[in-house]
>>> print(open('final-v6.cif').read())   # mmCIF, C-alpha atoms; chains and numbers go by the auth columns
data_run
#
loop_
_atom_site.group_PDB
_atom_site.id
_atom_site.type_symbol
_atom_site.label_atom_id
_atom_site.label_comp_id
_atom_site.label_asym_id
_atom_site.label_seq_id
_atom_site.Cartn_x
_atom_site.Cartn_y
_atom_site.Cartn_z
_atom_site.B_iso_or_equiv
_atom_site.auth_seq_id
_atom_site.auth_asym_id
ATOM 1 C CA MET A 1 -15.098 -17.047 10.785 0.00 1 A
ATOM 2 C CA ILE A 2 -11.875 -15.075 10.294 0.00 2 A
ATOM 3 C CA LYS A 3 -12.107 -12.990 7.121 0.00 3 A
ATOM 4 C CA GLY A 4 -8.362 -12.549 6.813 0.00 4 A
ATOM 5 C CA PHE A 5 -6.316 -9.975 4.934 0.00 5 A
ATOM 6 C CA VAL A 6 -7.280 -8.375 1.628 0.00 6 A
ATOM 7 C CA PRO A 7 -5.306 -6.059 -0.697 0.00 7 A
ATOM 8 C CA SER A 8 -5.230 -2.529 0.642 0.00 8 A
ATOM 9 C CA HIS A 9 -2.953 0.257 -0.558 0.00 9 A
ATOM 10 C CA TYR A 10 0.340 1.176 -2.156 0.00 10 A
ATOM 11 C CA LEU A 11 2.866 3.790 -0.997 0.00 11 A
ATOM 12 C CA ILE A 12 4.486 6.098 -3.560 0.00 12 A
ATOM 13 C CA ARG A 13 7.287 8.317 -2.210 0.00 13 A
ATOM 14 C CA VAL A 14 7.464 11.628 -4.097 0.00 14 A
ATOM 15 C CA ASP A 15 9.824 14.588 -3.735 0.00 15 A
ATOM 16 C CA ASP A 16 7.227 17.307 -4.369 0.00 16 A
ATOM 17 C CA LEU A 17 3.738 16.377 -3.218 0.00 17 A
ATOM 18 C CA HIS A 18 1.973 19.362 -4.793 0.00 18 A
ATOM 19 C CA ALA A 19 3.625 18.699 -8.155 0.00 19 A
ATOM 20 C CA ALA A 20 2.713 15.006 -7.922 0.00 20 A
ATOM 21 C CA VAL A 21 -0.925 15.802 -7.096 0.00 21 A
ATOM 22 C CA ALA A 22 -1.088 18.194 -10.060 0.00 22 A
ATOM 23 C CA ASP A 23 0.417 15.577 -12.394 0.00 23 A
ATOM 24 C CA TYR A 24 -1.927 12.795 -11.237 0.00 24 A
ATOM 25 C CA ARG A 25 -4.906 15.091 -11.681 0.00 25 A
ATOM 26 C CA ALA A 26 -3.668 16.052 -15.147 0.00 26 A
ATOM 27 C CA ALA A 27 -3.455 12.301 -15.916 0.00 27 A
ATOM 28 C CA GLY A 28 -7.164 11.963 -15.067 0.00 28 A
ATOM 29 C CA PHE A 29 -7.077 10.743 -11.454 0.00 29 A
ATOM 30 C CA THR A 30 -9.218 12.193 -8.682 0.00 30 A
ATOM 31 C CA VAL A 31 -6.829 12.986 -5.831 0.00 31 A
ATOM 32 C CA THR A 32 -7.910 13.676 -2.229 0.00 32 A
ATOM 33 C CA TRP A 33 -5.600 15.508 0.144 0.00 33 A
ATOM 34 C CA GLY A 34 -4.781 13.649 3.352 0.00 34 A
ATOM 35 C CA GLY A 35 -5.002 16.879 5.366 0.00 35 A
ATOM 36 C CA ASP A 36 -4.832 20.626 4.908 0.00 36 A
ATOM 37 C CA PRO A 37 -3.195 20.986 1.455 0.00 37 A
ATOM 38 C CA GLU A 38 -0.853 23.647 2.832 0.00 38 A
ATOM 39 C CA LYS A 39 0.465 21.265 5.494 0.00 39 A
ATOM 40 C CA ALA A 40 -0.322 17.744 4.237 0.00 40 A
ATOM 41 C CA HIS A 41 2.409 15.195 3.615 0.00 41 A
ATOM 42 C CA ASN A 42 0.162 12.698 1.818 0.00 42 A
ATOM 43 C CA ALA A 43 -2.603 12.521 -0.761 0.00 43 A
ATOM 44 C CA LEU A 44 -4.875 9.612 -1.658 0.00 44 A
ATOM 45 C CA ILE A 45 -6.358 8.101 -4.816 0.00 45 A
ATOM 46 C CA TYR A 46 -9.300 5.790 -4.062 0.00 46 A
ATOM 47 C CA PHE A 47 -10.799 3.101 -6.306 0.00 47 A
ATOM 48 C CA ASP A 48 -14.111 1.301 -6.739 0.00 48 A
ATOM 49 C CA SER A 49 -12.264 -1.994 -6.349 0.00 49 A
ATOM 50 C CA GLY A 50 -11.237 -0.966 -2.853 0.00 50 A
ATOM 51 C CA GLY A 51 -7.772 0.087 -1.816 0.00 51 A
ATOM 52 C CA PHE A 52 -5.960 3.263 -2.743 0.00 52 A
ATOM 53 C CA LEU A 53 -2.690 4.776 -3.870 0.00 53 A
ATOM 54 C CA GLU A 54 -0.979 6.968 -1.285 0.00 54 A
ATOM 55 C CA LEU A 55 1.414 9.676 -2.428 0.00 55 A
ATOM 56 C CA PHE A 56 3.619 10.828 0.425 0.00 56 A
ATOM 57 C CA THR A 57 6.605 13.024 1.078 0.00 57 A
ATOM 58 C CA LEU A 58 8.779 14.080 3.990 0.00 58 A
ATOM 59 C CA PRO A 59 8.606 17.402 5.819 0.00 59 A
ATOM 60 C CA LYS A 60 11.301 19.715 4.498 0.00 60 A
ATOM 61 C CA GLY A 61 14.334 20.779 6.482 0.00 61 A
ATOM 62 C CA PRO A 62 15.461 19.555 9.900 0.00 62 A
ATOM 63 C CA VAL A 63 12.184 17.744 10.693 0.00 63 A
ATOM 64 C CA GLY A 64 12.491 15.469 7.673 0.00 64 A
ATOM 65 C CA LEU A 65 16.172 14.820 8.352 0.00 65 A
ATOM 66 C CA ALA A 66 15.389 13.988 11.984 0.00 66 A
ATOM 67 C CA MET A 67 12.724 11.500 10.893 0.00 67 A
ATOM 68 C CA LYS A 68 15.209 9.780 8.578 0.00 68 A
ATOM 69 C CA LEU A 69 17.861 9.633 11.271 0.00 69 A
ATOM 70 C CA ALA A 70 15.502 8.292 13.949 0.00 70 A
ATOM 71 C CA ALA A 71 14.191 5.562 11.640 0.00 71 A
ATOM 72 C CA ALA A 72 17.717 4.599 10.530 0.00 72 A
ATOM 73 C CA ILE A 73 18.955 4.334 14.122 0.00 73 A
ATOM 74 C CA GLY A 74 15.926 2.303 15.180 0.00 74 A
ATOM 75 C CA GLY A 75 16.406 -0.053 12.253 0.00 75 A
ATOM 76 C CA ALA A 76 20.103 -0.475 13.023 0.00 76 A
ATOM 77 C CA LEU A 77 19.220 -1.315 16.632 0.00 77 A
ATOM 78 C CA GLY A 78 16.977 -4.154 15.481 0.00 78 A
ATOM 79 C CA SER A 79 13.491 -2.676 15.081 0.00 79 A
ATOM 80 C CA ALA A 80 11.958 -4.370 12.033 0.00 80 A
ATOM 81 C CA GLN A 81 9.259 -1.713 11.778 0.00 81 A
ATOM 82 C CA LEU A 82 11.726 1.187 11.856 0.00 82 A
ATOM 83 C CA LYS A 83 14.011 -0.553 9.366 0.00 83 A
ATOM 84 C CA ARG A 84 11.012 -0.730 7.033 0.00 84 A
ATOM 85 C CA VAL A 85 10.098 2.919 7.646 0.00 85 A
ATOM 86 C CA SER A 86 13.691 3.958 6.997 0.00 86 A
ATOM 87 C CA GLY A 87 13.430 2.256 3.619 0.00 87 A
ATOM 88 C CA TRP A 88 10.265 4.194 2.805 0.00 88 A
ATOM 89 C CA LEU A 89 11.766 7.532 3.810 0.00 89 A
ATOM 90 C CA ASN A 90 14.768 6.978 1.529 0.00 90 A
ATOM 91 C CA ALA A 91 12.801 5.471 -1.357 0.00 91 A
ATOM 92 C CA SER A 92 11.684 6.994 -4.625 0.00 92 A
ATOM 93 C CA GLY A 93 8.395 5.987 -6.218 0.00 93 A
ATOM 94 C CA LEU A 94 6.447 2.809 -5.415 0.00 94 A
ATOM 95 C CA CYS A 95 8.055 1.429 -2.266 0.00 95 A
ATOM 96 C CA ALA A 96 5.548 -0.667 -0.281 0.00 96 A
ATOM 97 C CA TYR A 97 2.120 -2.256 -0.233 0.00 97 A
ATOM 98 C CA ALA A 98 -0.304 -3.116 2.523 0.00 98 A
ATOM 99 C CA LEU A 99 -2.907 -5.706 3.391 0.00 99 A
ATOM 100 C CA GLU A 100 -5.850 -4.852 5.619 0.00 100 A
ATOM 101 C CA THR A 101 -8.457 -6.694 7.629 0.00 101 A
ATOM 102 C CA PRO A 102 -12.026 -5.695 8.544 0.00 102 A
ATOM 103 C CA GLU A 103 -11.557 -7.423 11.898 0.00 103 A
ATOM 104 C CA PRO A 104 -9.369 -6.446 14.882 0.00 104 A
ATOM 105 C CA LEU A 105 -5.813 -6.716 13.630 0.00 105 A
ATOM 106 C CA ALA A 106 -4.736 -8.983 16.486 0.00 106 A
ATOM 107 C CA THR A 107 -7.364 -11.543 15.427 0.00 107 A
ATOM 108 C CA THR A 108 -6.154 -11.810 11.853 0.00 108 A
ATOM 109 C CA LEU A 109 -2.493 -11.703 12.883 0.00 109 A
ATOM 110 C CA ALA A 110 -3.066 -14.702 15.148 0.00 110 A
ATOM 111 C CA PHE A 111 -4.306 -16.627 12.110 0.00 111 A
ATOM 112 C CA ALA A 112 -1.197 -15.605 10.121 0.00 112 A
ATOM 113 C CA LYS A 113 1.084 -16.631 12.975 0.00 113 A
ATOM 114 C CA GLU A 114 -0.570 -20.054 13.072 0.00 114 A
ATOM 115 C CA ARG A 115 0.543 -20.454 9.465 0.00 115 A
ATOM 116 C CA GLY A 116 4.126 -19.589 10.428 0.00 116 A
ATOM 117 C CA VAL A 117 4.370 -15.978 9.227 0.00 117 A
ATOM 118 C CA PRO A 118 6.815 -13.948 11.396 0.00 118 A
ATOM 119 C CA VAL A 119 5.336 -10.516 12.122 0.00 119 A
ATOM 120 C CA THR A 120 6.053 -7.522 14.354 0.00 120 A
ATOM 121 C CA GLY A 121 3.919 -6.435 17.280 0.00 121 A
ATOM 122 C CA LEU A 122 0.964 -4.069 17.019 0.00 122 A
ATOM 123 C CA ARG A 123 1.512 -0.342 16.791 0.00 123 A
ATOM 124 C CA LYS A 124 -1.302 2.160 17.394 0.00 124 A
ATOM 125 C CA MET A 125 -1.532 4.958 14.828 0.00 125 A
ATOM 126 C CA SER A 126 -3.634 8.097 14.397 0.00 126 A
ATOM 127 C CA ARG A 127 -4.026 10.988 11.976 0.00 127 A
ATOM 128 C CA ALA A 128 -6.168 14.130 11.859 0.00 128 A
ATOM 129 C CA GLN A 129 -8.337 14.395 8.742 0.00 129 A
ATOM 130 C CA VAL A 130 -9.094 17.597 6.789 0.00 130 A
ATOM 131 C CA ASP A 131 -12.274 18.126 8.829 0.00 131 A
ATOM 132 C CA GLY A 132 -10.325 17.795 12.079 0.00 132 A
ATOM 133 C CA GLU A 133 -11.654 14.338 12.971 0.00 133 A
ATOM 134 C CA VAL A 134 -8.974 11.951 14.218 0.00 134 A
ATOM 135 C CA THR A 135 -8.771 8.545 12.557 0.00 135 A
ATOM 136 C CA ARG A 136 -7.123 5.688 14.463 0.00 136 A
ATOM 137 C CA TRP A 137 -5.891 2.295 13.332 0.00 137 A
ATOM 138 C CA GLU A 138 -3.428 -0.455 14.229 0.00 138 A
ATOM 139 C CA LEU A 139 -0.373 -1.455 12.245 0.00 139 A
ATOM 140 C CA SER A 140 1.885 -4.491 12.017 0.00 140 A
ATOM 141 C CA ALA A 141 4.298 -5.837 9.428 0.00 141 A
ATOM 142 C CA CYS A 142 6.100 -8.919 8.250 0.00 142 A
ATOM 143 C CA ILE A 143 9.634 -9.110 9.626 0.00 143 A
ATOM 144 C CA ASP A 144 10.914 -9.281 6.043 0.00 144 A
ATOM 145 C CA GLU A 145 10.587 -5.671 4.814 0.00 145 A
ATOM 146 C CA HIS A 146 9.923 -6.842 1.252 0.00 146 A
ATOM 147 C CA LEU A 147 6.681 -8.480 2.357 0.00 147 A
ATOM 148 C CA PRO A 148 3.635 -6.316 3.094 0.00 148 A
ATOM 149 C CA PHE A 149 2.703 -4.416 6.187 0.00 149 A
ATOM 150 C CA MET A 150 -0.756 -5.022 7.656 0.00 150 A
ATOM 151 C CA MET A 151 -3.462 -2.733 8.958 0.00 151 A
ATOM 152 C CA GLY A 152 -6.592 -3.071 11.019 0.00 152 A
ATOM 153 C CA PRO A 153 -9.765 -1.126 10.185 0.00 153 A
ATOM 154 C CA TYR A 154 -9.800 2.650 10.339 0.00 154 A
ATOM 155 C CA MET A 155 -11.838 3.943 13.271 0.00 155 A
ATOM 156 C CA PRO A 156 -13.994 5.770 12.359 0.00 156 A
ATOM 157 C CA ALA A 157 -14.068 4.684 8.728 0.00 157 A
ATOM 158 C CA PRO A 158 -13.008 7.478 6.359 0.00 158 A
ATOM 159 C CA LYS A 159 -15.738 9.301 4.479 0.00 159 A
ATOM 160 C CA ILE A 160 -15.085 8.252 0.879 0.00 160 A
ATOM 161 C CA THR A 161 -17.709 9.356 -1.648 0.00 161 A
ATOM 162 C CA GLN A 162 -18.392 7.829 -5.041 0.00 162 A
ATOM 163 C CA ALA A 163 -16.934 10.990 -6.570 0.00 163 A
ATOM 164 C CA ASP A 164 -13.672 10.303 -4.705 0.00 164 A
ATOM 165 C CA LYS A 165 -13.496 6.875 -6.410 0.00 165 A
ATOM 166 C CA THR A 166 -14.456 8.027 -9.912 0.00 166 A
ATOM 167 C CA HIS A 167 -11.634 9.074 -12.220 0.00 167 A
ATOM 168 C CA PRO A 168 -12.057 10.983 -15.507 0.00 168 A
ATOM 169 C CA ASN A 169 -9.506 8.656 -17.164 0.00 169 A
ATOM 170 C CA GLY A 170 -11.799 5.661 -16.510 0.00 170 A
ATOM 171 C CA ILE A 171 -9.233 3.823 -14.349 0.00 171 A
ATOM 172 C CA ASN A 172 -11.656 3.074 -11.522 0.00 172 A
ATOM 173 C CA ARG A 173 -10.181 -0.273 -10.479 0.00 173 A
ATOM 174 C CA LEU A 174 -6.837 -1.679 -9.418 0.00 174 A
ATOM 175 C CA LEU A 175 -6.403 -5.193 -10.809 0.00 175 A
ATOM 176 C CA GLY A 176 -3.170 -6.434 -9.299 0.00 176 A
ATOM 177 C CA LEU A 177 0.468 -6.044 -8.393 0.00 177 A
ATOM 178 C CA VAL A 178 3.566 -7.447 -10.091 0.00 178 A
ATOM 179 C CA ILE A 179 6.328 -8.359 -7.618 0.00 179 A
ATOM 180 C CA ARG A 180 9.846 -9.394 -8.619 0.00 180 A
ATOM 181 C CA THR A 181 12.034 -11.317 -6.195 0.00 181 A
ATOM 182 C CA PRO A 182 15.061 -13.629 -6.300 0.00 182 A
ATOM 183 C CA ASP A 183 13.161 -16.217 -4.235 0.00 183 A
ATOM 184 C CA VAL A 184 9.787 -16.699 -5.906 0.00 184 A
ATOM 185 C CA ASP A 185 8.771 -19.872 -4.056 0.00 185 A
ATOM 186 C CA SER A 186 9.435 -18.509 -0.567 0.00 186 A
ATOM 187 C CA TYR A 187 7.768 -15.184 -1.294 0.00 187 A
ATOM 188 C CA ARG A 188 4.682 -16.812 -2.816 0.00 188 A
ATOM 189 C CA ARG A 189 4.376 -19.216 0.101 0.00 189 A
ATOM 190 C CA THR A 190 4.468 -16.482 2.744 0.00 190 A
ATOM 191 C CA LEU A 191 2.121 -14.191 0.819 0.00 191 A
ATOM 192 C CA ALA A 192 -0.312 -17.085 0.308 0.00 192 A
ATOM 193 C CA ASP A 193 -0.198 -17.778 4.044 0.00 193 A
ATOM 194 C CA LEU A 194 -1.072 -14.156 4.781 0.00 194 A
ATOM 195 C CA LEU A 195 -3.960 -14.183 2.321 0.00 195 A
ATOM 196 C CA GLY A 196 -5.230 -17.570 3.458 0.00 196 A
ATOM 197 C CA LEU A 197 -4.646 -19.103 0.025 0.00 197 A
ATOM 198 C CA PRO A 198 -3.109 -22.468 -0.901 0.00 198 A
ATOM 199 C CA ALA A 199 0.580 -21.888 -1.643 0.00 199 A
ATOM 200 C CA ASP A 200 0.632 -24.495 -4.412 0.00 200 A
ATOM 201 C CA THR A 201 -1.796 -22.523 -6.593 0.00 201 A
ATOM 202 C CA GLU A 202 -0.457 -22.143 -10.116 0.00 202 A
ATOM 203 C CA GLY A 203 -0.327 -18.688 -11.643 0.00 203 A
ATOM 204 C CA PRO A 204 -1.129 -15.480 -9.758 0.00 204 A
ATOM 205 C CA LEU A 205 -2.330 -15.468 -6.161 0.00 205 A
ATOM 206 C CA VAL A 206 -5.868 -14.059 -6.354 0.00 206 A
ATOM 207 C CA SER A 207 -7.621 -12.452 -3.392 0.00 207 A
ATOM 208 C CA GLN A 208 -10.914 -10.530 -3.662 0.00 208 A
ATOM 209 C CA GLY A 209 -10.486 -10.429 -7.453 0.00 209 A
ATOM 210 C CA PHE A 210 -7.047 -8.810 -7.083 0.00 210 A
ATOM 211 C CA ARG A 211 -4.043 -10.724 -8.342 0.00 211 A
ATOM 212 C CA PHE A 212 -0.479 -10.811 -7.089 0.00 212 A
ATOM 213 C CA GLU A 213 1.925 -11.859 -9.847 0.00 213 A
ATOM 214 C CA VAL A 214 5.209 -12.989 -8.283 0.00 214 A
ATOM 215 C CA GLU A 215 8.000 -13.402 -10.816 0.00 215 A
ATOM 216 C CA ALA A 216 11.742 -13.959 -10.777 0.00 216 A
ATOM 217 C CA GLY A 217 14.139 -11.020 -10.648 0.00 217 A
ATOM 218 C CA ASP A 218 17.750 -10.393 -9.672 0.00 218 A
ATOM 219 C CA THR A 219 16.654 -7.967 -6.938 0.00 219 A
ATOM 220 C CA PHE A 220 13.387 -7.266 -5.172 0.00 220 A
ATOM 221 C CA ALA A 221 11.060 -4.749 -6.846 0.00 221 A
ATOM 222 C CA LEU A 222 7.413 -3.783 -6.902 0.00 222 A
ATOM 223 C CA ALA A 223 7.450 -3.876 -10.667 0.00 223 A
ATOM 224 C CA ALA A 224 3.973 -2.651 -11.616 0.00 224 A
ATOM 225 C CA VAL A 225 0.433 -1.951 -10.476 0.00 225 A
ATOM 226 C CA LEU A 226 -2.039 -3.544 -12.881 0.00 226 A
ATOM 227 C CA VAL A 227 -4.826 -1.294 -14.183 0.00 227 A
ATOM 228 C CA PRO A 228 -7.481 -1.742 -16.922 0.00 228 A
ATOM 229 C CA ARG A 229 -5.812 0.842 -19.179 0.00 229 A
ATOM 230 C CA LEU A 230 -2.922 3.266 -19.075 0.00 230 A
ATOM 231 C CA PRO A 231 -3.546 6.997 -18.622 0.00 231 A
ATOM 232 C CA GLN A 232 -2.483 9.351 -21.389 0.00 232 A
ATOM 233 C CA ALA A 233 0.521 10.255 -19.244 0.00 233 A
ATOM 234 C CA GLY A 234 1.864 6.759 -19.899 0.00 234 A
ATOM 235 C CA ALA A 235 3.200 3.914 -17.782 0.00 235 A
ATOM 236 C CA GLN A 236 5.124 5.980 -15.182 0.00 236 A
ATOM 237 C CA LEU A 237 3.811 8.664 -12.847 0.00 237 A
ATOM 238 C CA HIS A 238 6.282 9.892 -10.216 0.00 238 A
ATOM 239 C CA GLY A 239 7.847 6.467 -9.855 0.00 239 A
ATOM 240 C CA LEU A 240 4.586 4.504 -10.003 0.00 240 A
ATOM 241 C CA PRO A 241 4.952 1.835 -12.727 0.00 241 A
ATOM 242 C CA LEU A 242 1.592 1.001 -14.333 0.00 242 A
ATOM 243 C CA LYS A 243 0.776 -1.940 -16.580 0.00 243 A
ATOM 244 C CA ALA A 244 -2.417 -2.476 -18.551 0.00 244 A
ATOM 245 C CA ALA A 245 -4.167 -5.782 -17.848 0.00 245 A
ATOM 246 C CA SER A 246 -7.525 -7.268 -18.732 0.00 246 A
ATOM 247 C CA VAL A 247 -10.347 -7.209 -16.183 0.00 247 A
ATOM 248 C CA GLU A 248 -11.145 -10.810 -17.123 0.00 248 A
ATOM 249 C CA GLY A 249 -7.624 -11.855 -16.146 0.00 249 A
ATOM 250 C CA SER A 250 -8.043 -10.441 -12.647 0.00 250 A
ATOM 251 C CA GLY A 251 -9.888 -13.482 -11.370 0.00 251 A
#
>>> encode(input="final-v6.cif", output="structure tokens")
Amino acid sequence: MIKGFVPSHYLIRVDDLHAAVADYRAAGFTVTWGGDPEKAHNALIYFDSGGFLELFTLPKGPVGLAMKLAAAIGGALGSAQLKRVSGWLNASGLCAYALETPEPLATTLAFAKERGVPVTGLRKMSRAQVDGEVTRWELSACIDEHLPFMMGPYMPAPKITQADKTHPNGINRLLGLVIRTPDVDSYRRTLADLLGLPADTEGPLVSQGFRFEVEAGDTFALAAVLVPRLPQAGAQLHGLPLKAASVEGSG
């Protein structure tokens, strides 16, 4: 039986990664560096509910500019994946979200394609962890850059301890995501197809207890991540909009 996609993680583009890590820690989150803190370009905040927030930034100087230029050119030449990446590299704050599957990505993608979801091909990815071990995974994405990108399982699975998922501010779960779009019906239908849910469901789309609230807006926006309570820092942390929601309402 195909298990399908489940909510995964959320990308937050920041200008100064060390300042962002310090601010999230001051707000009561446990933050794990994605590599050597002196060289890392990302940091991760894990949750008991599964999934994580990923703070990321660009290398400074010519390397970062070259990355932006390469992604922009690739997007202009018709690469849906590079068009999406170009958007991330030029974004500020919450800019993307992912779905993941515990099965080989190609297996779950085939199921999505059967339901009519247009997606890109597979891309193999890898990253060295702090301990030097290399983690590998596969990546794909919806052709529409406003819809999620998709990931296969990390190989080997990252070593995430309970301490990594426990936050002094008590926000140990992510409850949902609020998405604004000019075309609610189309967006809901495609997202439901990806999640293996009936598109005619009223109210939020709920997967694994996590809810996607799709609402009307003049332009597309990832409007808020739903959490059980707000940190003392308030409803905005380096461009991440947070909204308090009840656990009971999460499905």
>>> atom_distance(input="final-v6.cif", atom1="CA of Leu55 (chain A)", atom2="CA of Asn42 (chain A)")
5.4 Å
>>> closest_atom_pairs(input="final-v6.cif", of="region 84-194 of chain A", to="region 198-222 of chain A", cutoff="8 Å", atoms="only C-alpha atoms", output="CSV")
residue,atom,partner,partner_atom,distance
A:Leu94,CA,A:Leu222,CA,6.8
A:Cys95,CA,A:Leu222,CA,7.0
A:Ala96,CA,A:Leu222,CA,7.6
A:His146,CA,A:Phe220,CA,7.3
A:Leu174,CA,A:Phe210,CA,7.5
A:Leu175,CA,A:Phe210,CA,5.2
A:Gly176,CA,A:Arg211,CA,4.5
A:Leu177,CA,A:Phe212,CA,5.0
A:Val178,CA,A:Glu213,CA,4.7
A:Ile179,CA,A:Leu222,CA,4.8
A:Arg180,CA,A:Glu215,CA,4.9
A:Thr181,CA,A:Phe220,CA,4.4
A:Pro182,CA,A:Gly217,CA,5.2
A:Asp183,CA,A:Ala216,CA,7.1
A:Val184,CA,A:Ala216,CA,5.9
A:Tyr187,CA,A:Val214,CA,7.8
A:Arg188,CA,A:Ala199,CA,6.6
A:Arg189,CA,A:Ala199,CA,5.0
A:Thr190,CA,A:Ala199,CA,8.0
A:Ala192,CA,A:Ala199,CA,5.3
A:Asp193,CA,A:Ala199,CA,7.1
>>> write_last_selection(input="final-v6.cif", atoms="C-alpha atoms", output="CSV table (one decimal), in the coordinates of the input")
chain,number,residue,atom,x,y,z
A,94,LEU,CA,6.4,2.8,-5.4
A,95,CYS,CA,8.1,1.4,-2.3
A,96,ALA,CA,5.5,-0.7,-0.3
A,146,HIS,CA,9.9,-6.8,1.3
A,174,LEU,CA,-6.8,-1.7,-9.4
A,175,LEU,CA,-6.4,-5.2,-10.8
A,176,GLY,CA,-3.2,-6.4,-9.3
A,177,LEU,CA,0.5,-6.0,-8.4
A,178,VAL,CA,3.6,-7.4,-10.1
A,179,ILE,CA,6.3,-8.4,-7.6
A,180,ARG,CA,9.8,-9.4,-8.6
A,181,THR,CA,12.0,-11.3,-6.2
A,182,PRO,CA,15.1,-13.6,-6.3
A,183,ASP,CA,13.2,-16.2,-4.2
A,184,VAL,CA,9.8,-16.7,-5.9
A,187,TYR,CA,7.8,-15.2,-1.3
A,188,ARG,CA,4.7,-16.8,-2.8
A,189,ARG,CA,4.4,-19.2,0.1
A,190,THR,CA,4.5,-16.5,2.7
A,192,ALA,CA,-0.3,-17.1,0.3
A,193,ASP,CA,-0.2,-17.8,4.0
>>> closest_residue(input="final-v6.cif", among="A:Val6, A:Leu89, A:Leu82, A:Leu58", to="Leu194 (chain A)", atoms="only C-alpha atoms")
A:Val6
>>> atom_distance(input="final-v6.cif", atom1="CA of Thr32 (chain A)", atom2="CA of Tyr97 (chain A)")
18.9 Å
>>> closest_residue(input="final-v6.cif", among="A:His41, A:Asp185, A:Ala91, A:Thr120", to="His238 (chain A)", atoms="all atoms listed in the file")
A:Ala91
>>> atom_distance(input="final-v6.cif", atom1="CA of Val31 (chain A)", atom2="CA of Asp16 (chain A)")
14.8 Å
>>> resolve_selection(input="final-v6.cif", expression="the PyMOL selection byres ((chain A and resi 134) around 12)", output="ChimeraX atom specification")
/A:34-35,125-133,135-137,154-158
>>> residues_around(input="final-v6.cif", residues="Ala80 (chain A)", least_positions_apart="4", cutoff="8 Å", atoms="all atoms listed in the file", output="count of residues only")
6
>>> residues_near_point(input="final-v6.cif", point="(-8.0, 3.2, -5.8)", cutoff="12 Å", atoms="only C-alpha atoms", output="MDAnalysis selection string")
chainID A and resid 7:11 29:32 43:55 160 162:167 170:176 225:227
>>> closest_residue(input="final-v6.cif", among="A:Gly239, A:Ser140, A:Glu100, A:Gly121", to="Asp15 (chain A)", atoms="only C-alpha atoms")
A:Gly239
>>> residues_near_point(input="final-v6.cif", point="(-4.5, -17.6, 15.0)", cutoff="12 Å", atoms="all atoms listed in the file", output="number ranges by chain")
A: 1-4, 105-117, 193-194, 196
